[in-house]
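Undergrad: Can you keep this structure in mind? I'll have questions shortly.
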Amino acid sequence: MRAVVITKERTVEVTEVPDPHLTGPDGVIVEVEATAICGSDLHLFHGMLPEGGVHPGHEVVGRIVEVGSKVTDRAVGDRVLVSAVVGCGHCHPCRIGDPIRCPNGGPIALGTTGQLDGGQAELLAVPAGDLFTIPVPEGVSTENAILLTDILPTGFLGAQMGSIEPGDTVAIFGMGPVGIMALACAQLYGPSAIYAVDVVPDRLARAAAMGAVAIDASGDMGALGVLEVTGGRGVDVAIEAVGLRQTVSDAISCVAARGRISMVGVNVEMDFPFPMALAFLKALSFRAAFAAIPSTWSNLVPLVTSGTLDLGDVFTHHLGLSEAPAAYTMFDEHSHGVLKVLLDPRR
Ligand SMILES: NC(=O)c1ccc[n+]([C@@H]2O[C@H](COP(=O)([O-])OP(=O)(O)OC[C@H]3O[C@@H](n4cnc5c(N)ncnc54)[C@H](O)[C@@H]3O)[C@@H](O)[C@H]2O)c1
Ligand SMILES: [Zn+2]
Ligand SMILES: [Zn+2]
């Protein structure tokens with residue numbers, strides 16, 4: 001089959017690789033109909049790669065073409081969406097949809113560690129298919145199904161961990177696809193204002209069209225911009241959807257006393273310089289997590305199908321898998337008005 005491979009820093013190829021095998025008797029093989037590039041794939045693109053490179057892709061919608069002998073609730077022919085993160089499939093957390101707490105070698109984000117190949121390919125092997133896939137629900141478009149595999153649950157988590165109360169003020173750092181999801185989800189909680197912080201003009205314009213107050217962070221003006229528009233008070237909640245030292249620091253600097261910081265942008269530094277003095281002086285709450293994706297589906301699917309969550313046209317580019325190398329560069333550079341790229345493995 002054809003698959004995307006990141007061989008080394010900033011080197012993406014589309015190449016012929018062996019077809020995947022079932023991961024075990026509970027596994028399924030999915031013929032990929034649509035997949036997408038995530039900001040997390042950019043960490044790989046920037047060189048945070050396992051030895052020998054990686055077959056990326058953790059956002060997948062497709063049709064099941066093979067099931068293991070122990071799969072009971074899925075069958076060949078089912079059209080499914082796949083959780084970006086999986087676990088052992090046996091433990092209690094995995095069974096309740098929270099592979100993040102899997103104690104048996106999990107969680108694993110597909111196509112990031114080299115343990116499980118990803119879905120920017122024609123075929124994808126998924127462990128514990130009964131738990132880590134669901135049939136694409138009636139009334140959910142392919143694009144929204146892709147969003148449900150990863151970044152909508154992540155944006156939802158960003159809003160949830162902020163414990164937003166009606167009337168609160170919220171700043172969101174990063175208006176990439178994850179930040180846009182966080183913005184849509186934060187609006188469900190009735191904040192009095194949402195400040196959307198980024199450096200890319202078309203992303204700020206999109207956030208403004210969704211009802212946020214856009215703040216251009218160029219020239220290190222992120223936190224200062226939020227403080228300026230709030231008359232120096234700062235915000236009740238800051239959601240971090242970038243993952244850079246700068247934006248974590250901005251989030252901490254721009255919250256008011258008793259501020260809550262919710263971090264979904266990925267930063268896995270072990271020696272991160274955390275400003276303890278500010279934590280004490282402001283009585284901060286700071287939470288950071290990966291989303292427990294399958295556990296969010298029962299909440300999110302009705303919000304999407306009812307139109308309560310209006311996600312708009314997040315996918316600015318529909319390209320073929322063969323165009324993945326150019327798509328990675330464009331997504332990394334924020335060029336051509338890109339927000340999110342959908343890749344079709346048949347092209
Ligand atoms: N926690 C999870 O479960 C989870 C899941 C998916 C993605 N993520 C993470 O979310 C993050 C965002 O993903 P994405 O797909 O939206 O990626 P993205 O790269 O498209 O978005 C990042 C955005 O941050 C903006 N930015 C850069 N510097 C900034 C600054 N100084 N101030 C304000 N904004 C700035 C960029 O312009 C861009 O729009 C990534 O770190 C990704 O790994 C986390
Ligand atoms: Zn992702
Ligand atoms: Zn488990």
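Every chain in the structure tokens has a letter given in the order shown (A, B, ...), and although residue numbers restart at 1 in each chain, ligands are simply numbered from 1 in the order shown.
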Would you name the residues within 8 Å of ligand 1, counting only C-alpha atoms and all ligand atoms, and put them as a PDB file with N, CA and C atoms, in the first residue's frame?
TA:
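And here is the file that came out, out-v4.pdb:
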ATOM      1  N   ILE A  37      -3.896  16.045   8.592  1.00  0.00           N
ATOM      2  CA  ILE A  37      -2.622  16.378   9.240  1.00  0.00           C
ATOM      3  C   ILE A  37      -2.945  17.196  10.493  1.00  0.00           C
ATOM      4  N   CYS A  38      -2.312  16.828  11.610  1.00  0.00           N
ATOM      5  CA  CYS A  38      -2.563  17.482  12.907  1.00  0.00           C
ATOM      6  C   CYS A  38      -1.330  18.284  13.309  1.00  0.00           C
ATOM      7  N   GLY A  39      -1.536  19.285  14.166  1.00  0.00           N
ATOM      8  CA  GLY A  39      -0.406  20.019  14.737  1.00  0.00           C
ATOM      9  C   GLY A  39       0.569  19.076  15.430  1.00  0.00           C
ATOM     10  N   SER A  40       0.068  17.951  15.951  1.00  0.00           N
ATOM     11  CA  SER A  40       0.970  16.979  16.596  1.00  0.00           C
ATOM     12  C   SER A  40       1.896  16.328  15.568  1.00  0.00           C
ATOM     13  N   ASP A  41       1.428  16.192  14.322  1.00  0.00           N
ATOM     14  CA  ASP A  41       2.313  15.661  13.273  1.00  0.00           C
ATOM     15  C   ASP A  41       3.460  16.641  12.995  1.00  0.00           C
ATOM     16  N   LEU A  42       3.210  17.923  13.259  1.00  0.00           N
ATOM     17  CA  LEU A  42       4.275  18.914  13.024  1.00  0.00           C
ATOM     18  C   LEU A  42       5.429  18.720  14.009  1.00  0.00           C
ATOM     19  N   HIS A  43       5.124  18.213  15.234  1.00  0.00           N
ATOM     20  CA  HIS A  43       6.233  17.940  16.175  1.00  0.00           C
ATOM     21  C   HIS A  43       7.165  16.889  15.556  1.00  0.00           C
ATOM     22  N   ASP A 150      -9.938  13.364  17.033  1.00  0.00           N
ATOM     23  CA  ASP A 150      -8.851  13.935  17.836  1.00  0.00           C
ATOM     24  C   ASP A 150      -9.102  15.377  18.272  1.00  0.00           C
ATOM     25  N   ILE A 151      -9.180  16.297  17.297  1.00  0.00           N
ATOM     26  CA  ILE A 151      -9.038  17.694  17.727  1.00  0.00           C
ATOM     27  C   ILE A 151     -10.312  18.276  18.332  1.00  0.00           C
ATOM     28  N   PRO A 153     -12.445  16.489  20.408  1.00  0.00           N
ATOM     29  CA  PRO A 153     -12.296  16.090  21.813  1.00  0.00           C
ATOM     30  C   PRO A 153     -11.234  16.911  22.550  1.00  0.00           C
ATOM     31  N   THR A 154     -10.159  17.273  21.843  1.00  0.00           N
ATOM     32  CA  THR A 154      -9.085  18.050  22.485  1.00  0.00           C
ATOM     33  C   THR A 154      -9.543  19.472  22.795  1.00  0.00           C
ATOM     34  N   LEU A 157     -11.850  19.288  25.707  1.00  0.00           N
ATOM     35  CA  LEU A 157     -11.088  19.131  26.945  1.00  0.00           C
ATOM     36  C   LEU A 157     -10.500  20.473  27.376  1.00  0.00           C
ATOM     37  N   PHE A 173      -4.915  30.787  23.465  1.00  0.00           N
ATOM     38  CA  PHE A 173      -3.660  30.988  22.744  1.00  0.00           C
ATOM     39  C   PHE A 173      -3.544  29.932  21.657  1.00  0.00           C
ATOM     40  N   GLY A 174      -3.428  30.394  20.390  1.00  0.00           N
ATOM     41  CA  GLY A 174      -3.356  29.490  19.248  1.00  0.00           C
ATOM     42  C   GLY A 174      -4.713  29.343  18.608  1.00  0.00           C
ATOM     43  N   MET A 175      -4.820  29.834  17.378  1.00  0.00           N
ATOM     44  CA  MET A 175      -6.059  29.669  16.595  1.00  0.00           C
ATOM     45  C   MET A 175      -5.811  28.722  15.439  1.00  0.00           C
ATOM     46  N   GLY A 176      -4.957  27.723  15.664  1.00  0.00           N
ATOM     47  CA  GLY A 176      -4.861  26.601  14.738  1.00  0.00           C
ATOM     48  C   GLY A 176      -6.140  25.788  14.866  1.00  0.00           C
ATOM     49  N   PRO A 177      -6.207  24.656  14.190  1.00  0.00           N
ATOM     50  CA  PRO A 177      -7.428  23.849  14.266  1.00  0.00           C
ATOM     51  C   PRO A 177      -7.849  23.503  15.687  1.00  0.00           C
ATOM     52  N   VAL A 178      -6.877  23.209  16.561  1.00  0.00           N
ATOM     53  CA  VAL A 178      -7.226  22.850  17.944  1.00  0.00           C
ATOM     54  C   VAL A 178      -7.800  24.062  18.679  1.00  0.00           C
ATOM     55  N   GLY A 179      -7.166  25.230  18.500  1.00  0.00           N
ATOM     56  CA  GLY A 179      -7.670  26.447  19.140  1.00  0.00           C
ATOM     57  C   GLY A 179      -9.070  26.812  18.651  1.00  0.00           C
ATOM     58  N   ILE A 180      -9.314  26.596  17.362  1.00  0.00           N
ATOM     59  CA  ILE A 180     -10.650  26.879  16.800  1.00  0.00           C
ATOM     60  C   ILE A 180     -11.691  25.945  17.440  1.00  0.00           C
ATOM     61  N   VAL A 197      -5.978  34.558  20.512  1.00  0.00           N
ATOM     62  CA  VAL A 197      -4.623  35.071  20.331  1.00  0.00           C
ATOM     63  C   VAL A 197      -3.862  34.222  19.315  1.00  0.00           C
ATOM     64  N   ASP A 198      -3.315  34.843  18.308  1.00  0.00           N
ATOM     65  CA  ASP A 198      -2.487  34.140  17.308  1.00  0.00           C
ATOM     66  C   ASP A 198      -1.650  35.184  16.595  1.00  0.00           C
ATOM     67  N   VAL A 199      -0.846  34.728  15.649  1.00  0.00           N
ATOM     68  CA  VAL A 199      -0.015  35.661  14.874  1.00  0.00           C
ATOM     69  C   VAL A 199      -0.365  35.621  13.386  1.00  0.00           C
ATOM     70  N   VAL A 200      -1.282  34.742  13.001  1.00  0.00           N
ATOM     71  CA  VAL A 200      -1.614  34.575  11.579  1.00  0.00           C
ATOM     72  C   VAL A 200      -2.918  35.325  11.280  1.00  0.00           C
ATOM     73  N   ARG A 203      -6.184  33.385  10.459  1.00  0.00           N
ATOM     74  CA  ARG A 203      -6.693  32.600  11.591  1.00  0.00           C
ATOM     75  C   ARG A 203      -7.388  33.520  12.607  1.00  0.00           C
ATOM     76  N   ASP A 216      -3.584  40.104  18.130  1.00  0.00           N
ATOM     77  CA  ASP A 216      -2.390  39.738  17.368  1.00  0.00           C
ATOM     78  C   ASP A 216      -1.193  39.686  18.321  1.00  0.00           C
ATOM     79  N   ALA A 217      -0.620  38.487  18.442  1.00  0.00           N
ATOM     80  CA  ALA A 217       0.483  38.288  19.400  1.00  0.00           C
ATOM     81  C   ALA A 217       1.848  38.620  18.813  1.00  0.00           C
ATOM     82  N   SER A 218       1.879  39.138  17.567  1.00  0.00           N
ATOM     83  CA  SER A 218       3.180  39.447  16.960  1.00  0.00           C
ATOM     84  C   SER A 218       3.966  40.396  17.863  1.00  0.00           C
ATOM     85  N   ASP A 220       5.706  39.559  20.523  1.00  0.00           N
ATOM     86  CA  ASP A 220       5.538  39.152  21.934  1.00  0.00           C
ATOM     87  C   ASP A 220       4.410  39.894  22.631  1.00  0.00           C
ATOM     88  N   GLY A 222       1.281  38.801  23.034  1.00  0.00           N
ATOM     89  CA  GLY A 222       0.182  37.912  23.412  1.00  0.00           C
ATOM     90  C   GLY A 222      -0.413  38.252  24.768  1.00  0.00           C
ATOM     91  N   ALA A 241      -3.272  26.371  23.372  1.00  0.00           N
ATOM     92  CA  ALA A 241      -3.440  25.407  22.270  1.00  0.00           C
ATOM     93  C   ALA A 241      -2.301  25.554  21.263  1.00  0.00           C
ATOM     94  N   VAL A 242      -1.097  25.827  21.775  1.00  0.00           N
ATOM     95  CA  VAL A 242       0.078  25.965  20.909  1.00  0.00           C
ATOM     96  C   VAL A 242       1.159  24.965  21.341  1.00  0.00           C
ATOM     97  N   GLY A 243       1.594  25.091  22.619  1.00  0.00           N
ATOM     98  CA  GLY A 243       2.607  24.174  23.140  1.00  0.00           C
ATOM     99  C   GLY A 243       3.997  24.779  23.265  1.00  0.00           C
ATOM    100  N   LEU A 244       4.147  26.073  22.942  1.00  0.00           N
ATOM    101  CA  LEU A 244       5.461  26.719  23.040  1.00  0.00           C
ATOM    102  C   LEU A 244       5.688  27.276  24.444  1.00  0.00           C
ATOM    103  N   GLN A 246       6.774  30.154  25.092  1.00  0.00           N
ATOM    104  CA  GLN A 246       6.249  31.522  25.065  1.00  0.00           C
ATOM    105  C   GLN A 246       4.752  31.574  25.405  1.00  0.00           C
ATOM    106  N   THR A 247       3.986  30.681  24.795  1.00  0.00           N
ATOM    107  CA  THR A 247       2.530  30.754  24.973  1.00  0.00           C
ATOM    108  C   THR A 247       2.086  30.200  26.334  1.00  0.00           C
ATOM    109  N   MET A 263      -4.175  23.502  29.548  1.00  0.00           N
ATOM    110  CA  MET A 263      -3.180  23.357  28.492  1.00  0.00           C
ATOM    111  C   MET A 263      -3.427  22.095  27.675  1.00  0.00           C
ATOM    112  N   VAL A 264      -3.754  22.293  26.389  1.00  0.00           N
ATOM    113  CA  VAL A 264      -3.900  21.148  25.474  1.00  0.00           C
ATOM    114  C   VAL A 264      -2.856  21.181  24.357  1.00  0.00           C
ATOM    115  N   GLY A 265      -2.185  22.315  24.171  1.00  0.00           N
ATOM    116  CA  GLY A 265      -1.039  22.339  23.247  1.00  0.00           C
ATOM    117  C   GLY A 265       0.018  21.424  23.844  1.00  0.00           C
ATOM    118  N   VAL A 266       0.674  20.645  23.010  1.00  0.00           N
ATOM    119  CA  VAL A 266       1.592  19.640  23.561  1.00  0.00           C
ATOM    120  C   VAL A 266       2.986  20.224  23.755  1.00  0.00           C
ATOM    121  N   ASN A 267       3.486  20.100  24.998  1.00  0.00           N
ATOM    122  CA  ASN A 267       4.863  20.452  25.329  1.00  0.00           C
ATOM    123  C   ASN A 267       5.341  19.373  26.299  1.00  0.00           C
ATOM    124  N   ALA A 288      -3.024  20.186  32.473  1.00  0.00           N
ATOM    125  CA  ALA A 288      -2.548  19.839  31.128  1.00  0.00           C
ATOM    126  C   ALA A 288      -2.902  18.388  30.887  1.00  0.00           C
ATOM    127  N   ALA A 289      -3.396  18.070  29.692  1.00  0.00           N
ATOM    128  CA  ALA A 289      -3.769  16.669  29.444  1.00  0.00           C
ATOM    129  C   ALA A 289      -3.944  16.395  27.960  1.00  0.00           C
ATOM    130  N   PHE A 290      -3.860  15.112  27.642  1.00  0.00           N
ATOM    131  CA  PHE A 290      -4.318  14.614  26.347  1.00  0.00           C
ATOM    132  C   PHE A 290      -5.781  14.222  26.517  1.00  0.00           C
ATOM    133  N   ALA A 291      -6.540  14.301  25.440  1.00  0.00           N
ATOM    134  CA  ALA A 291      -7.970  14.004  25.530  1.00  0.00           C
ATOM    135  C   ALA A 291      -8.221  12.491  25.615  1.00  0.00           C
ATOM    136  N   ALA A 292      -9.195  12.123  26.459  1.00  0.00           N
ATOM    137  CA  ALA A 292      -9.675  10.732  26.553  1.00  0.00           C
ATOM    138  C   ALA A 292     -10.730  10.566  25.461  1.00  0.00           C
ATOM    139  N   PHE A 331       1.126  23.469   5.783  1.00  0.00           N
ATOM    140  CA  PHE A 331       0.512  23.502   7.126  1.00  0.00           C
ATOM    141  C   PHE A 331       1.504  24.055   8.148  1.00  0.00           C
ATOM    142  N   ASP A 332       2.780  23.698   7.971  1.00  0.00           N
ATOM    143  CA  ASP A 332       3.812  24.179   8.894  1.00  0.00           C
ATOM    144  C   ASP A 332       4.023  25.681   8.742  1.00  0.00           C
ATOM    145  N   HIS A 334       1.834  27.848   7.552  1.00  0.00           N
ATOM    146  CA  HIS A 334       0.564  28.596   7.579  1.00  0.00           C
ATOM    147  C   HIS A 334       0.373  29.378   6.290  1.00  0.00           C
ATOM    148  N   LEU A 339      -5.895  26.072   7.079  1.00  0.00           N
ATOM    149  CA  LEU A 339      -6.187  25.821   8.487  1.00  0.00           C
ATOM    150  C   LEU A 339      -6.034  24.322   8.752  1.00  0.00           C
ATOM    151  N   LYS A 340      -6.732  23.506   7.951  1.00  0.00           N
ATOM    152  CA  LYS A 340      -6.644  22.051   8.166  1.00  0.00           C
ATOM    153  C   LYS A 340      -6.685  21.369   6.807  1.00  0.00           C
TER     154      LYS A 340
END
Undergrad: Can you pull out every residue within 6 Å of Leu124 in chain A, counting only C-alpha atoms, but drop anything in the same chain fewer than 2 positions away, and send it as a list in words?
TA: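 These residues fall inside the cut-off: Ile29, Val30 and Gly119 of chain A.
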Undergrad: What are the nearest atom pairs, with distances in Å to one decimal, for all residues of chain A that come at most 10 Å from ligand 3, using only C-alpha atoms and all ligand atoms, set out by chain and rising residue number as JSON lines?
TA:
{"residue": "A:Val86", "atom": "CA", "partner": "ligand 3", "partner_atom_place_in_ligand_line": "1 (Zn)", "distance": 8.0}
{"residue": "A:Gly87", "atom": "CA", "partner": "ligand 3", "partner_atom_place_in_ligand_line": "1 (Zn)", "distance": 4.5}
{"residue": "A:Cys88", "atom": "CA", "partner": "ligand 3", "partner_atom_place_in_ligand_line": "1 (Zn)", "distance": 3.8}
{"residue": "A:Gly89", "atom": "CA", "partner": "ligand 3", "partner_atom_place_in_ligand_line": "1 (Zn)", "distance": 4.8}
{"residue": "A:His90", "atom": "CA", "partner": "ligand 3", "partner_atom_place_in_ligand_line": "1 (Zn)", "distance": 5.3}
{"residue": "A:Cys91", "atom": "CA", "partner": "ligand 3", "partner_atom_place_in_ligand_line": "1 (Zn)", "distance": 4.2}
{"residue": "A:His92", "atom": "CA", "partner": "ligand 3", "partner_atom_place_in_ligand_line": "1 (Zn)", "distance": 6.8}
{"residue": "A:Pro93", "atom": "CA", "partner": "ligand 3", "partner_atom_place_in_ligand_line": "1 (Zn)", "distance": 6.0}
{"residue": "A:Cys94", "atom": "CA", "partner": "ligand 3", "partner_atom_place_in_ligand_line": "1 (Zn)", "distance": 4.4}
{"residue": "A:Arg95", "atom": "CA", "partner": "ligand 3", "partner_atom_place_in_ligand_line": "1 (Zn)", "distance": 7.4}
{"residue": "A:Ile96", "atom": "CA", "partner": "ligand 3", "partner_atom_place_in_ligand_line": "1 (Zn)", "distance": 9.7}
{"residue": "A:Gly97", "atom": "CA", "partner": "ligand 3", "partner_atom_place_in_ligand_line": "1 (Zn)", "distance": 9.4}
{"residue": "A:Asp98", "atom": "CA", "partner": "ligand 3", "partner_atom_place_in_ligand_line": "1 (Zn)", "distance": 8.3}
{"residue": "A:Pro99", "atom": "CA", "partner": "ligand 3", "partner_atom_place_in_ligand_line": "1 (Zn)", "distance": 5.7}
{"residue": "A:Ile100", "atom": "CA", "partner": "ligand 3", "partner_atom_place_in_ligand_line": "1 (Zn)", "distance": 8.3}
{"residue": "A:Arg101", "atom": "CA", "partner": "ligand 3", "partner_atom_place_in_ligand_line": "1 (Zn)", "distance": 7.3}
{"residue": "A:Cys102", "atom": "CA", "partner": "ligand 3", "partner_atom_place_in_ligand_line": "1 (Zn)", "distance": 3.8}
{"residue": "A:Pro103", "atom": "CA", "partner": "ligand 3", "partner_atom_place_in_ligand_line": "1 (Zn)", "distance": 5.9}
{"residue": "A:Asn104", "atom": "CA", "partner": "ligand 3", "partner_atom_place_in_ligand_line": "1 (Zn)", "distance": 5.5}
{"residue": "A:Gly105", "atom": "CA", "partner": "ligand 3", "partner_atom_place_in_ligand_line": "1 (Zn)", "distance": 7.6}
{"residue": "A:Gly106", "atom": "CA", "partner": "ligand 3", "partner_atom_place_in_ligand_line": "1 (Zn)", "distance": 6.2}
{"residue": "A:Pro107", "atom": "CA", "partner": "ligand 3", "partner_atom_place_in_ligand_line": "1 (Zn)", "distance": 7.5}
{"residue": "A:Ala128", "atom": "CA", "partner": "ligand 3", "partner_atom_place_in_ligand_line": "1 (Zn)", "distance": 9.7}
Undergrad: Counting only C-alpha atoms, which of A:Asn144, A:Ser322, A:Thr308, A:Ser262 gets nearest to Asp344 in chain A?
TA: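 The closest residue to Asp344 in chain A is A:Ser322.
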Undergrad: Taking 4 positions as the minimum chain separation for residues in the same chain, which residues sit within 12 Å of Leu284 in chain A when counting only C-alpha atoms? Answer as a list of chain:residue names.
TA: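 Contacts, in chain order: A:Gly162, A:Val235, A:Asp236, A:Val237, A:Ala238, A:Ala251, A:Ile252, A:Ser253, A:Cys254, A:Val255, A:Ala256, A:Ala257, A:Arg258, A:Gly259, A:Arg260, A:Ile261, A:Ser262, A:Phe274, A:Pro275, A:Met276, A:Ala277, A:Leu278, A:Ala279, A:Phe280.
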Undergrad: Have a look at CA of Leu44 in chain A and CA of Arg10 in chain A and let me know their distance in Å, one decimal.
TA: 8.4 Å
Undergrad: Env of Val301 in chain A: 10 Å cut, atoms = only C-alpha atoms, seq-sep filter 3 positions within chain, self excluded. Answer as number ranges by chain.
TA: A: 136-140, 144-145, 148, 296-298, 304-307, 309
Undergrad: Give me a file of those residues, with N, CA, C and O atoms, as a PDB file, in the first residue's frame.
TA:
ATOM      1  N   VAL A 136     -19.518   5.782  11.914  1.00  0.00           N
ATOM      2  CA  VAL A 136     -19.733   7.216  11.685  1.00  0.00           C
ATOM      3  C   VAL A 136     -21.224   7.482  11.885  1.00  0.00           C
ATOM      4  O   VAL A 136     -22.067   6.892  11.207  1.00  0.00           O
ATOM      5  N   PRO A 137     -21.570   8.338  12.867  1.00  0.00           N
ATOM      6  CA  PRO A 137     -22.984   8.521  13.179  1.00  0.00           C
ATOM      7  C   PRO A 137     -23.752   9.172  12.030  1.00  0.00           C
ATOM      8  O   PRO A 137     -23.206   9.999  11.285  1.00  0.00           O
ATOM      9  N   GLU A 138     -25.013   8.791  11.913  1.00  0.00           N
ATOM     10  CA  GLU A 138     -25.952   9.380  10.956  1.00  0.00           C
ATOM     11  C   GLU A 138     -25.905  10.908  11.077  1.00  0.00           C
ATOM     12  O   GLU A 138     -25.939  11.440  12.188  1.00  0.00           O
ATOM     13  N   GLY A 139     -25.792  11.601   9.966  1.00  0.00           N
ATOM     14  CA  GLY A 139     -25.831  13.072  10.007  1.00  0.00           C
ATOM     15  C   GLY A 139     -24.492  13.721  10.275  1.00  0.00           C
ATOM     16  O   GLY A 139     -24.409  14.952  10.363  1.00  0.00           O
ATOM     17  N   VAL A 140     -23.428  12.940  10.429  1.00  0.00           N
ATOM     18  CA  VAL A 140     -22.098  13.525  10.648  1.00  0.00           C
ATOM     19  C   VAL A 140     -21.313  13.433   9.335  1.00  0.00           C
ATOM     20  O   VAL A 140     -21.138  12.348   8.780  1.00  0.00           O
ATOM     21  N   ASN A 144     -16.518  16.327   9.741  1.00  0.00           N
ATOM     22  CA  ASN A 144     -16.761  16.374  11.187  1.00  0.00           C
ATOM     23  C   ASN A 144     -16.387  15.052  11.854  1.00  0.00           C
ATOM     24  O   ASN A 144     -15.965  15.038  13.019  1.00  0.00           O
ATOM     25  N   ALA A 145     -16.524  13.943  11.116  1.00  0.00           N
ATOM     26  CA  ALA A 145     -16.094  12.646  11.667  1.00  0.00           C
ATOM     27  C   ALA A 145     -14.587  12.675  11.932  1.00  0.00           C
ATOM     28  O   ALA A 145     -14.115  12.201  12.968  1.00  0.00           O
ATOM     29  N   LEU A 148     -13.852  14.503  15.059  1.00  0.00           N
ATOM     30  CA  LEU A 148     -14.180  13.721  16.260  1.00  0.00           C
ATOM     31  C   LEU A 148     -13.085  12.725  16.636  1.00  0.00           C
ATOM     32  O   LEU A 148     -13.074  12.194  17.746  1.00  0.00           O
ATOM     33  N   THR A 296     -15.417  10.941  25.023  1.00  0.00           N
ATOM     34  CA  THR A 296     -16.079  12.219  24.703  1.00  0.00           C
ATOM     35  C   THR A 296     -17.158  12.061  23.633  1.00  0.00           C
ATOM     36  O   THR A 296     -17.981  12.955  23.440  1.00  0.00           O
ATOM     37  N   TRP A 297     -17.148  10.935  22.911  1.00  0.00           N
ATOM     38  CA  TRP A 297     -18.037  10.818  21.748  1.00  0.00           C
ATOM     39  C   TRP A 297     -19.509  10.913  22.114  1.00  0.00           C
ATOM     40  O   TRP A 297     -20.299  11.518  21.387  1.00  0.00           O
ATOM     41  N   SER A 298     -19.894  10.330  23.269  1.00  0.00           N
ATOM     42  CA  SER A 298     -21.328  10.355  23.612  1.00  0.00           C
ATOM     43  C   SER A 298     -21.797  11.789  23.888  1.00  0.00           C
ATOM     44  O   SER A 298     -22.966  12.114  23.688  1.00  0.00           O
ATOM     45  N   VAL A 304     -22.764  17.908  17.764  1.00  0.00           N
ATOM     46  CA  VAL A 304     -22.443  18.134  16.352  1.00  0.00           C
ATOM     47  C   VAL A 304     -23.684  17.926  15.487  1.00  0.00           C
ATOM     48  O   VAL A 304     -24.013  18.762  14.641  1.00  0.00           O
ATOM     49  N   THR A 305     -24.416  16.820  15.719  1.00  0.00           N
ATOM     50  CA  THR A 305     -25.553  16.524  14.823  1.00  0.00           C
ATOM     51  C   THR A 305     -26.689  17.528  15.027  1.00  0.00           C
ATOM     52  O   THR A 305     -27.420  17.835  14.093  1.00  0.00           O
ATOM     53  N   SER A 306     -26.819  18.069  16.252  1.00  0.00           N
ATOM     54  CA  SER A 306     -27.901  19.037  16.491  1.00  0.00           C
ATOM     55  C   SER A 306     -27.539  20.430  16.003  1.00  0.00           C
ATOM     56  O   SER A 306     -28.380  21.325  15.966  1.00  0.00           O
ATOM     57  N   GLY A 307     -26.253  20.637  15.655  1.00  0.00           N
ATOM     58  CA  GLY A 307     -25.812  21.958  15.208  1.00  0.00           C
ATOM     59  C   GLY A 307     -25.497  22.885  16.378  1.00  0.00           C
ATOM     60  O   GLY A 307     -25.148  24.046  16.188  1.00  0.00           O
ATOM     61  N   LEU A 309     -22.966  22.705  18.257  1.00  0.00           N
ATOM     62  CA  LEU A 309     -21.564  23.041  17.989  1.00  0.00           C
ATOM     63  C   LEU A 309     -21.441  23.270  16.493  1.00  0.00           C
ATOM     64  O   LEU A 309     -21.516  22.328  15.708  1.00  0.00           O
TER      65      LEU A 309
END
Undergrad: If you run DSSP on the backbone here, which positions in range 37-190 of chain A get strand (DSSP E)? Please write them as a PyMOL selection string.
TA: chain A and resi 60-67+79-82+85-86+108-109+123-126+133-135+169-173
Undergrad: Please identify all polymer residues within 12 Å of Val67 in chain A, counting only C-alpha atoms, omitting same-chain residues fewer than 3 positions from it, and present them as an NGL selection string.
TA: :A and (21-31 or 63-64 or 70-78 or 125-130)
Undergrad: Near Thr149 in chain A, within 7 Å and counting only C-alpha atoms, which residues show up once chain neighbours fewer than 6 positions away are dropped, as a compact mmCIF listing (two decimals) with C-alpha atoms, in the first residue's frame?
TA:
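Output below, filename around25.txt:
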# COMPACT_ATOMS: atom_id res chain seq x y z
CA GLU A 59 -7.07 11.16 12.33
CA VAL A 60 -8.87 8.54 10.24
CA LEU A 81 -14.07 6.87 12.75
CA VAL A 82 -11.00 5.91 14.78
CA SER A 83 -9.71 7.25 18.10
CA ALA A 84 -6.35 8.95 17.58
Undergrad: Set the distance at 6 Å and use only C-alpha atoms: which residues neighbour range 223-228 of chain A once local chain neighbours fewer than 4 positions away are removed? I'd like the list as a list in words.
TA: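 Listing them by chain and then by number gives Gly232, Gly234, Asp250 and Cys254 of chain A.
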Undergrad: Which value, in Å to one decimal, gives the distance between CA of Ala193 in chain A and CA of Leu311 in chain A?
TA: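 Distance reported for this atom pair: 18.5 Å.
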Undergrad: Pick the closest to ligand 2 from A:Pro302, A:Gly57, A:Gly114, A:Gly158: which is it, counting only C-alpha atoms and all ligand atoms?
TA: A:Gly57
